[in-house]
Every structure is written in structure tokens, then in C-alpha cells.
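Below is one structure, written out as C-alpha cells, with a few remarks after it.
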Amino acid sequence: MPDVRDASPYDALLLLSFGGPEGPDDVIPFLENVTRGRGIPKERLKEVGEHYFRFGGVSPINAQNRALLNALRKDFADHGLDLPVYWGNRNWAPYLTDTLREMVADGRRRILVLATSAYASYSGCRQYRENLADALAALEAEGLELPRIDKLRHYFNHPGFLEPMIDGVLASLADLPEEARAGAHIAFSTHSIPLSAADTSGPVEAHGDGGAYVTQHLDVARTIAEAVRERTGRDHPWQLVYQSRSGAPHIPWLEPDICDHLEERHAAGVPAVVIAPIGFVSDHMEVLYDLDTEAKAKAEELGLPMRRSATVGDDPRFAAAVRDLVLERAAVERAEEVRPCALGSLGPSHQVCPVGCCPARTPRPAAAGADSPYA
């Protein structure tokens with residue numbers, strides 16, 4: 001990590017996230033925002049909304065983003081990094097366009113963006129960049145001076161992201177019944193996406209069978225499993241699995257599904273399972289419902305001891321990693337030599353998303369990349 005706490009030329013960091021409802025009346029309008037343009041009938045939205053209504057209509061993601069925001073501000077202040085941190089969402093208040101408008105009013109002209117998605121994919125990267133382009137277009141239509149926006153690189157293999165997850169898996173293994181612990185299986189879980197989106201994730205040279213999305217997750221899973229073996233002396237079997245599938249059933253998505261996987265592992269005789277949600281930054285709704293509700297119920301039905309390890313959330317090591325990424329990108333912009341931190345076999349990700357990276361089915365302008373119309 002650089003010794004000099006110099007974020008220039010940047011004058012602000014934007015925490016950019018998905019957003020979520022904060023009460024029952026918010027649920028359907030929020031889901032309408034998420035699915036706008038897809039022609040999803042309101043009856044279907046009400047069905048999906050039941051996931052939220054069973055938790056009082058409140059998604060935990062906004063509270064978790066507030067906690068991360070506070071952790072980032074504290075870390076920056078404690079380490080002498082004078083960089084204000086703002087927060088904006090794609091689908092709920094505080095909305096991205098409103099936050100960018102506030103940042104422009106505050107005189108921010110060079111903005112770095114931290115997206116709450118660690119991996120390469122259309123929905124996890126380029127769609128955020130498209131949202132940024134939409135927001136900039138709105139500000140441009142209002143006659144405002146547009147800031148220059150860059151996005152921090154993918155941080156899936158940064159030590160500050162991986163170490164908290166390693167500790168979470170170790171804690172979950174230790175919490176299993178002693179007689180089941182040694183033979184426990186680790187299911188590394190992430191969000192399923194359509195095969196077509198997976199195959200075209202990452203730079204063009206990474207496109208193919210699963211693309212960068214699957215490759216990056218496999219590398220993270222392997223790195224965590226190896227760290228667990230080194231620290232426990234046990235070589236636990238593991239597999240990458242998927243959750244939160246949506247969309248038309250005839251469109252192929254990444255498999256196996258976590259609940260199907262639990263059934264298969266139980267039939268194979270494993271004594272226990274630890275589910276490690278490596279695809280998620282925090283314990284938001286898809287973790288609470290798909291893992292802590294559905295997968296937990298499936299494990300109980302099978303009589304299979306199961307523990308779910310923690311996500312990174314507002315862990316101080318993750319806040320420190322963000323500081324490192326900010327200083328790294330600032331040094332790159334100043335044309336200084338940098339040594340990016342990365343664990344595993346893939347090395348650090350690209351600093352700027354290249355042309356053809358994680359393409360959309362219908363091309364749309366995307367900011368903060370090599371093809372940005374707002375460079």
C-alpha cells in the first residue's frame with residue numbers, strides 16, 4: 001500500500017450500489033425500477049415482493065451500505081486520506097443521478113467509483129457503467145458541468161476482500177458438530193447469470209466457456225480453500241455453486257443451484273456443508289432469502305448440518321482495501337509506478353474496462369471505460 005496518502009487527481013469517492021426498499025410501500029416501486037423496460041407483469045412483481053414482505057418490506061442492503069460508508073470514512077480519516085465519500089444507488093434512494101448532482105454542486109470534478117460488485121459481468125460492472133452514463137446525460141441536459149468519472153478495478157482477489165471471507169469459512173467450520181467437521185464440504189456460492197452473459201464476461205480475450213465471471217469465482221474459491229487447508233491442516237472438498245436464478249425458464253443459466261447441490265452432496269454422504277457466499281459484498285436480500293431461508297430449509301429437510309459463512313460487509317480490512325485501491329488508481333493516473341495487490345493465480349484486474357468488455361445485448365453508452373463517451 002502506498003505510503004503517501006495522495007488521492008489526486010481525484011476529489012471524491014462514490015459508493016455505487018443496487019439499492020433496496022426500506023418499507024412495505026417501497027417494495028413494488030423498487031421492483032418496478034429494477035425491471036423497467038422488461039415488460040414484467042405487476043402480478044409477477046408481487047410474487048417476487050413476497051421475499052421482501054417476509055422481512056417487513058425492508059432490504060438490509062441500504063443499512064449495510066450506510067455501515068460501509070461509515071467504515072470507509074473512518075478508515076480514510078484514520079489514515080490521513082482527505083477524500084469525501086458519497087453514496088448513490090441504481091434502483092432506490094439515494095438515487096445515483098441525485099448524488100452526482102450533489103457532488104457537482106459541491107465542486108467535485110474527478111470522481112472515483114466503488115461498485116458493490118467485485119467481479120466482471122454485465123450486471124456486476126457494465127450495467128453500473130451504463131447507469132453512470134445515464135446519470136451524466138441527465139446532468140448534461142440540465143446544463144451542469146460534468147465531472148470525469150473512473151471506476152475502481154475489480155477487487156475479487158484483493159487480500160482485504162479475501163481475508164475476511166477466509167476467516168468466515170474457518171469460523172463456520174469451527175461451529176459445525178465436531179464429528180462432522182473434518183469431512184465438511186464447502187459450497188462457494190454466487191449469483192447465477194445467463195450462460196450467454198457469463199460467456200461474454202470480462203475482456204474479449206477472456207470470453208468463452210463461463211468467461212471471466214466463472215474464472216474469477218473459481219480462482220477465489222480455490223484461494224480460500226487453499227488458505228483453509230493451510231490453517232487447519234484439512235483438505236476440504238469444495239465446489240462453485242449458484243443461487244438467485246430468475247428470468248424465463250427456457251434460457252440456460254449457470255448451474256448447479258445451491259439447493260440442488262445440497263441434495264446431491266447429502267446423497268453422496270457428506271457429513272456437513274459450509275456455504276460461503278463469495279459472490280456478495282454484504283448480507284443483502286439474496287443472501288438472507290436464498291441462503292439463510294431456502295438453503296437452510298433444504299438442509300434441515302435433509303438433516304444435513306449446514307453453516308453459512310459471513311460476507312465482507314463493513315470489515316475494516318475491506319475498508320483498508322478500498323483505500324489501497326483508491327491510492328493505487330490515483331498513482332496510475334499520475335503515471336507513477338504501482339504494485340497492485342492480488343492473491344490467487346489471476347493477478348490484478350485491468351484498471352480501465354476495455355472495449356468489448358461484458359457487452360450488453362443491446363449496445364448502450366457506458367461511462368468509466370475505454371469506450372466512454374464522457375472520457
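Chains: A, B, ... in order of the C-alpha cells. Residues: from 1 per chain. Ligands: from 1, in order shown.
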
- [ ] Assign secondary structure with DSSP using the backbone only, and return the residues of segment 167-278 of chain A in helix (DSSP H, G or I) as a PyMOL selection string.
- [x] chain A and resi 167-175+178-181+195-199+204-206+211-232+258-267

Please list as a JSON list (two decimals) with N, CA, C and O atoms, in the first residue's frame every residue within 6 Å of segment 14-31 of chain A, counting only C-alpha atoms and excluding residues in the same chain fewer than 6 positions away.
```json
[["chain", "number", "residue", "atom", "x", "y", "z"],
["A", 57, "GLY", "N", -40.70, -5.87, 4.46],
["A", 57, "GLY", "CA", -40.58, -4.96, 3.32],
["A", 57, "GLY", "C", -39.29, -4.19, 3.29],
["A", 57, "GLY", "O", -39.13, -3.25, 2.51],
["A", 58, "VAL", "N", -38.34, -4.60, 4.11],
["A", 58, "VAL", "CA", -37.06, -3.88, 4.21],
["A", 58, "VAL", "C", -35.93, -4.77, 3.72],
["A", 58, "VAL", "O", -35.73, -5.88, 4.22],
["A", 59, "SER", "N", -35.19, -4.28, 2.74],
["A", 59, "SER", "CA", -33.95, -4.94, 2.35],
["A", 59, "SER", "C", -32.84, -4.46, 3.26],
["A", 59, "SER", "O", -32.77, -3.26, 3.56],
["A", 85, "VAL", "N", -16.53, 10.84, 0.78],
["A", 85, "VAL", "CA", -17.18, 9.65, 0.25],
["A", 85, "VAL", "C", -18.68, 9.90, 0.18],
["A", 85, "VAL", "O", -19.31, 10.27, 1.17],
["A", 86, "TYR", "N", -19.25, 9.69, -1.01],
["A", 86, "TYR", "CA", -20.68, 9.84, -1.25],
["A", 86, "TYR", "C", -21.27, 8.46, -1.54],
["A", 86, "TYR", "O", -20.56, 7.50, -1.79],
["A", 87, "TRP", "N", -22.61, 8.43, -1.58],
["A", 87, "TRP", "CA", -23.31, 7.16, -1.82],
["A", 87, "TRP", "C", -24.50, 7.37, -2.74],
["A", 87, "TRP", "O", -25.31, 8.28, -2.53],
["A", 88, "GLY", "N", -24.60, 6.54, -3.78],
["A", 88, "GLY", "CA", -25.74, 6.58, -4.68],
["A", 88, "GLY", "C", -26.13, 5.18, -5.12],
["A", 88, "GLY", "O", -25.27, 4.29, -5.19],
["A", 89, "ASN", "N", -27.42, 4.97, -5.43],
["A", 89, "ASN", "CA", -27.95, 3.66, -5.82],
["A", 89, "ASN", "C", -28.50, 3.68, -7.24],
["A", 89, "ASN", "O", -28.93, 4.72, -7.75],
["A", 90, "ARG", "N", -28.55, 2.50, -7.82],
["A", 90, "ARG", "CA", -29.16, 2.33, -9.13],
["A", 90, "ARG", "C", -30.67, 2.35, -9.08],
["A", 90, "ARG", "O", -31.32, 2.90, -9.98],
["A", 91, "ASN", "N", -31.26, 1.75, -8.04],
["A", 91, "ASN", "CA", -32.69, 1.46, -8.07],
["A", 91, "ASN", "C", -33.51, 2.04, -6.92],
["A", 91, "ASN", "O", -34.72, 1.82, -6.87],
["A", 92, "TRP", "N", -32.88, 2.71, -5.98],
["A", 92, "TRP", "CA", -33.63, 3.31, -4.87],
["A", 92, "TRP", "C", -32.82, 4.44, -4.26],
["A", 92, "TRP", "O", -31.62, 4.56, -4.49],
["A", 113, "VAL", "N", -15.27, 5.66, -8.56],
["A", 113, "VAL", "CA", -16.47, 4.90, -8.21],
["A", 113, "VAL", "C", -16.09, 3.53, -7.68],
["A", 113, "VAL", "O", -15.30, 2.81, -8.30],
["A", 114, "LEU", "N", -16.65, 3.18, -6.53],
["A", 114, "LEU", "CA", -16.56, 1.83, -5.97],
["A", 114, "LEU", "C", -17.93, 1.19, -6.13],
["A", 114, "LEU", "O", -18.90, 1.60, -5.49],
["A", 115, "ALA", "N", -18.04, 0.18, -6.99],
["A", 115, "ALA", "CA", -19.29, -0.56, -7.15],
["A", 115, "ALA", "C", -19.31, -1.73, -6.18],
["A", 115, "ALA", "O", -18.28, -2.38, -5.96],
["A", 116, "THR", "N", -20.47, -2.01, -5.61],
["A", 116, "THR", "CA", -20.58, -3.11, -4.64],
["A", 116, "THR", "C", -20.76, -4.44, -5.38],
["A", 116, "THR", "O", -21.65, -5.23, -5.07]]
```

TODO: Considering only C-alpha atoms, return as a PyMOL selection string whatever protein or nucleic-acid residues lie within 9 Å of Ala320 of chain A, sequence-local ones (same chain, fewer than 5 positions apart) excluded.
DONE: chain A and resi 72+75-76+160+315+325

Write to file, as a PDB file, in the first residue's frame, the residues of the selection just made, with N, CA and C atoms.
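And here's out-v4.pdb as it stands now:
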```
ATOM      1  N   LEU A  72     -15.636   3.346   5.569  1.00  0.00           N
ATOM      2  CA  LEU A  72     -14.713   3.991   4.630  1.00  0.00           C
ATOM      3  C   LEU A  72     -14.297   5.368   5.131  1.00  0.00           C
ATOM      4  N   ASP A  75     -11.897   4.909   8.050  1.00  0.00           N
ATOM      5  CA  ASP A  75     -10.577   4.446   7.610  1.00  0.00           C
ATOM      6  C   ASP A  75      -9.811   5.572   6.931  1.00  0.00           C
ATOM      7  N   PHE A  76     -10.455   6.298   6.048  1.00  0.00           N
ATOM      8  CA  PHE A  76      -9.767   7.386   5.353  1.00  0.00           C
ATOM      9  C   PHE A  76      -9.273   8.426   6.359  1.00  0.00           C
ATOM     10  N   GLY A 160      -7.744  -7.702   1.091  1.00  0.00           N
ATOM     11  CA  GLY A 160      -8.726  -7.132   2.013  1.00  0.00           C
ATOM     12  C   GLY A 160     -10.143  -7.607   1.761  1.00  0.00           C
ATOM     13  N   ASP A 315     -16.227  -4.878   7.152  1.00  0.00           N
ATOM     14  CA  ASP A 315     -14.989  -5.307   7.802  1.00  0.00           C
ATOM     15  C   ASP A 315     -13.891  -4.258   7.576  1.00  0.00           C
ATOM     16  N   LEU A 325      -7.032   0.589  -3.091  1.00  0.00           N
ATOM     17  CA  LEU A 325      -7.447   0.679  -4.488  1.00  0.00           C
ATOM     18  C   LEU A 325      -7.535   2.135  -4.955  1.00  0.00           C
TER      19      LEU A 325
END
```

Per-residue nearest contacts of segment 175-228 of chain A to segment 261-273 of chain A (6 Å; only C-alpha atoms) as CSV:
```
residue,atom,partner,partner_atom,distance
A:Ala180,CA,A:Pro271,CA,5.1
A:Ala184,CA,A:Ala272,CA,4.7
A:His185,CA,A:Val273,CA,4.7
A:Ile186,CA,A:Val273,CA,5.7
```

Please produce an output containing C-alpha atoms for each residue in the selection, written as a compact mmCIF listing (two decimals), in the first residue's frame.
```
# COMPACT_ATOMS: atom_id res chain seq x y z
CA ALA A 180 -18.84 -33.69 11.04
CA ALA A 184 -17.30 -30.95 5.72
CA HIS A 185 -17.86 -29.81 2.14
CA ILE A 186 -17.56 -26.12 1.18
```

Open item on the list: What parts of segment 148-206 of chain A does DSSP call strand (DSSP E)? I'd like the answer as a PyMOL selection string.
Closed with: chain A and resi 148-151+185-191

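Non-sequential neighbours of Asp82 of chain A (distance at most 12 Å, separation of 6 or more positions within a chain, only C-alpha atoms) are Val4, Arg5, Asp6, Ala7, Ser8, Tyr10, Asp11, Ala12, Leu13, Leu72, Arg73, Lys74, Asp75, Phe76, Arg323, Val326 and Leu327 of chain A.
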
Can you list, as a CSV table (one decimal) with N, CA, C and O atoms, in the first residue's frame, every protein, DNA or RNA residue that comes within 8 Å of segment 278-281 of chain A when you count only C-alpha atoms, leaving out same-chain residues fewer than 4 positions away?
```
chain,number,residue,atom,x,y,z
A,116,THR,N,-20.5,-2.0,-5.6
A,116,THR,CA,-20.6,-3.1,-4.6
A,116,THR,C,-20.8,-4.4,-5.4
A,116,THR,O,-21.7,-5.2,-5.1
A,117,SER,N,-19.9,-4.7,-6.3
A,117,SER,CA,-19.8,-5.9,-7.1
A,117,SER,C,-18.4,-6.2,-7.4
A,117,SER,O,-17.7,-5.3,-8.0
A,118,ALA,N,-17.8,-7.3,-7.0
A,118,ALA,CA,-16.4,-7.5,-7.1
A,118,ALA,C,-15.9,-8.1,-8.4
A,118,ALA,O,-14.7,-8.1,-8.7
A,119,TYR,N,-16.8,-8.6,-9.2
A,119,TYR,CA,-16.4,-9.5,-10.3
A,119,TYR,C,-16.9,-8.9,-11.7
A,119,TYR,O,-17.7,-8.0,-11.7
A,165,MET,N,-13.3,-13.3,4.2
A,165,MET,CA,-14.1,-14.5,3.8
A,165,MET,C,-13.4,-15.8,4.2
A,165,MET,O,-14.0,-16.7,4.6
A,188,PHE,N,-19.1,-22.8,-2.4
A,188,PHE,CA,-18.9,-21.4,-2.7
A,188,PHE,C,-20.0,-20.9,-3.6
A,188,PHE,O,-20.1,-21.4,-4.7
A,189,SER,N,-20.8,-20.0,-3.1
A,189,SER,CA,-22.0,-19.6,-3.8
A,189,SER,C,-21.9,-18.2,-4.4
A,189,SER,O,-21.3,-17.3,-3.7
A,190,THR,N,-22.4,-18.0,-5.6
A,190,THR,CA,-22.5,-16.7,-6.2
A,190,THR,C,-23.8,-16.6,-7.0
A,190,THR,O,-24.6,-17.6,-7.1
A,191,HIS,N,-24.1,-15.4,-7.5
A,191,HIS,CA,-25.3,-15.2,-8.2
A,191,HIS,C,-25.3,-15.9,-9.6
A,191,HIS,O,-24.3,-15.7,-10.3
A,217,HIS,N,-14.5,-16.4,-10.1
A,217,HIS,CA,-15.0,-17.0,-8.9
A,217,HIS,C,-14.3,-18.3,-8.6
A,217,HIS,O,-14.1,-18.6,-7.4
A,220,VAL,N,-11.1,-17.4,-6.8
A,220,VAL,CA,-11.4,-17.0,-5.4
A,220,VAL,C,-11.7,-18.3,-4.5
A,220,VAL,O,-11.1,-18.4,-3.4
A,221,ALA,N,-12.5,-19.2,-5.0
A,221,ALA,CA,-12.9,-20.4,-4.2
A,221,ALA,C,-11.6,-21.2,-4.0
A,221,ALA,O,-11.4,-21.7,-2.8
A,287,VAL,N,-28.9,-13.0,0.0
A,287,VAL,CA,-28.2,-13.9,0.9
A,287,VAL,C,-29.2,-14.3,2.0
A,287,VAL,O,-29.3,-15.5,2.4
A,311,THR,N,-20.3,-12.6,4.9
A,311,THR,CA,-19.8,-11.8,3.8
A,311,THR,C,-18.9,-10.7,4.4
A,311,THR,O,-18.7,-10.6,5.6
A,312,VAL,N,-18.3,-10.0,3.5
A,312,VAL,CA,-17.2,-9.0,3.9
A,312,VAL,C,-17.9,-7.8,4.7
A,312,VAL,O,-17.4,-7.4,5.7
A,313,GLY,N,-19.0,-7.3,4.1
A,313,GLY,CA,-19.7,-6.2,4.8
A,313,GLY,C,-18.8,-5.0,5.0
A,313,GLY,O,-18.1,-4.5,4.1
```
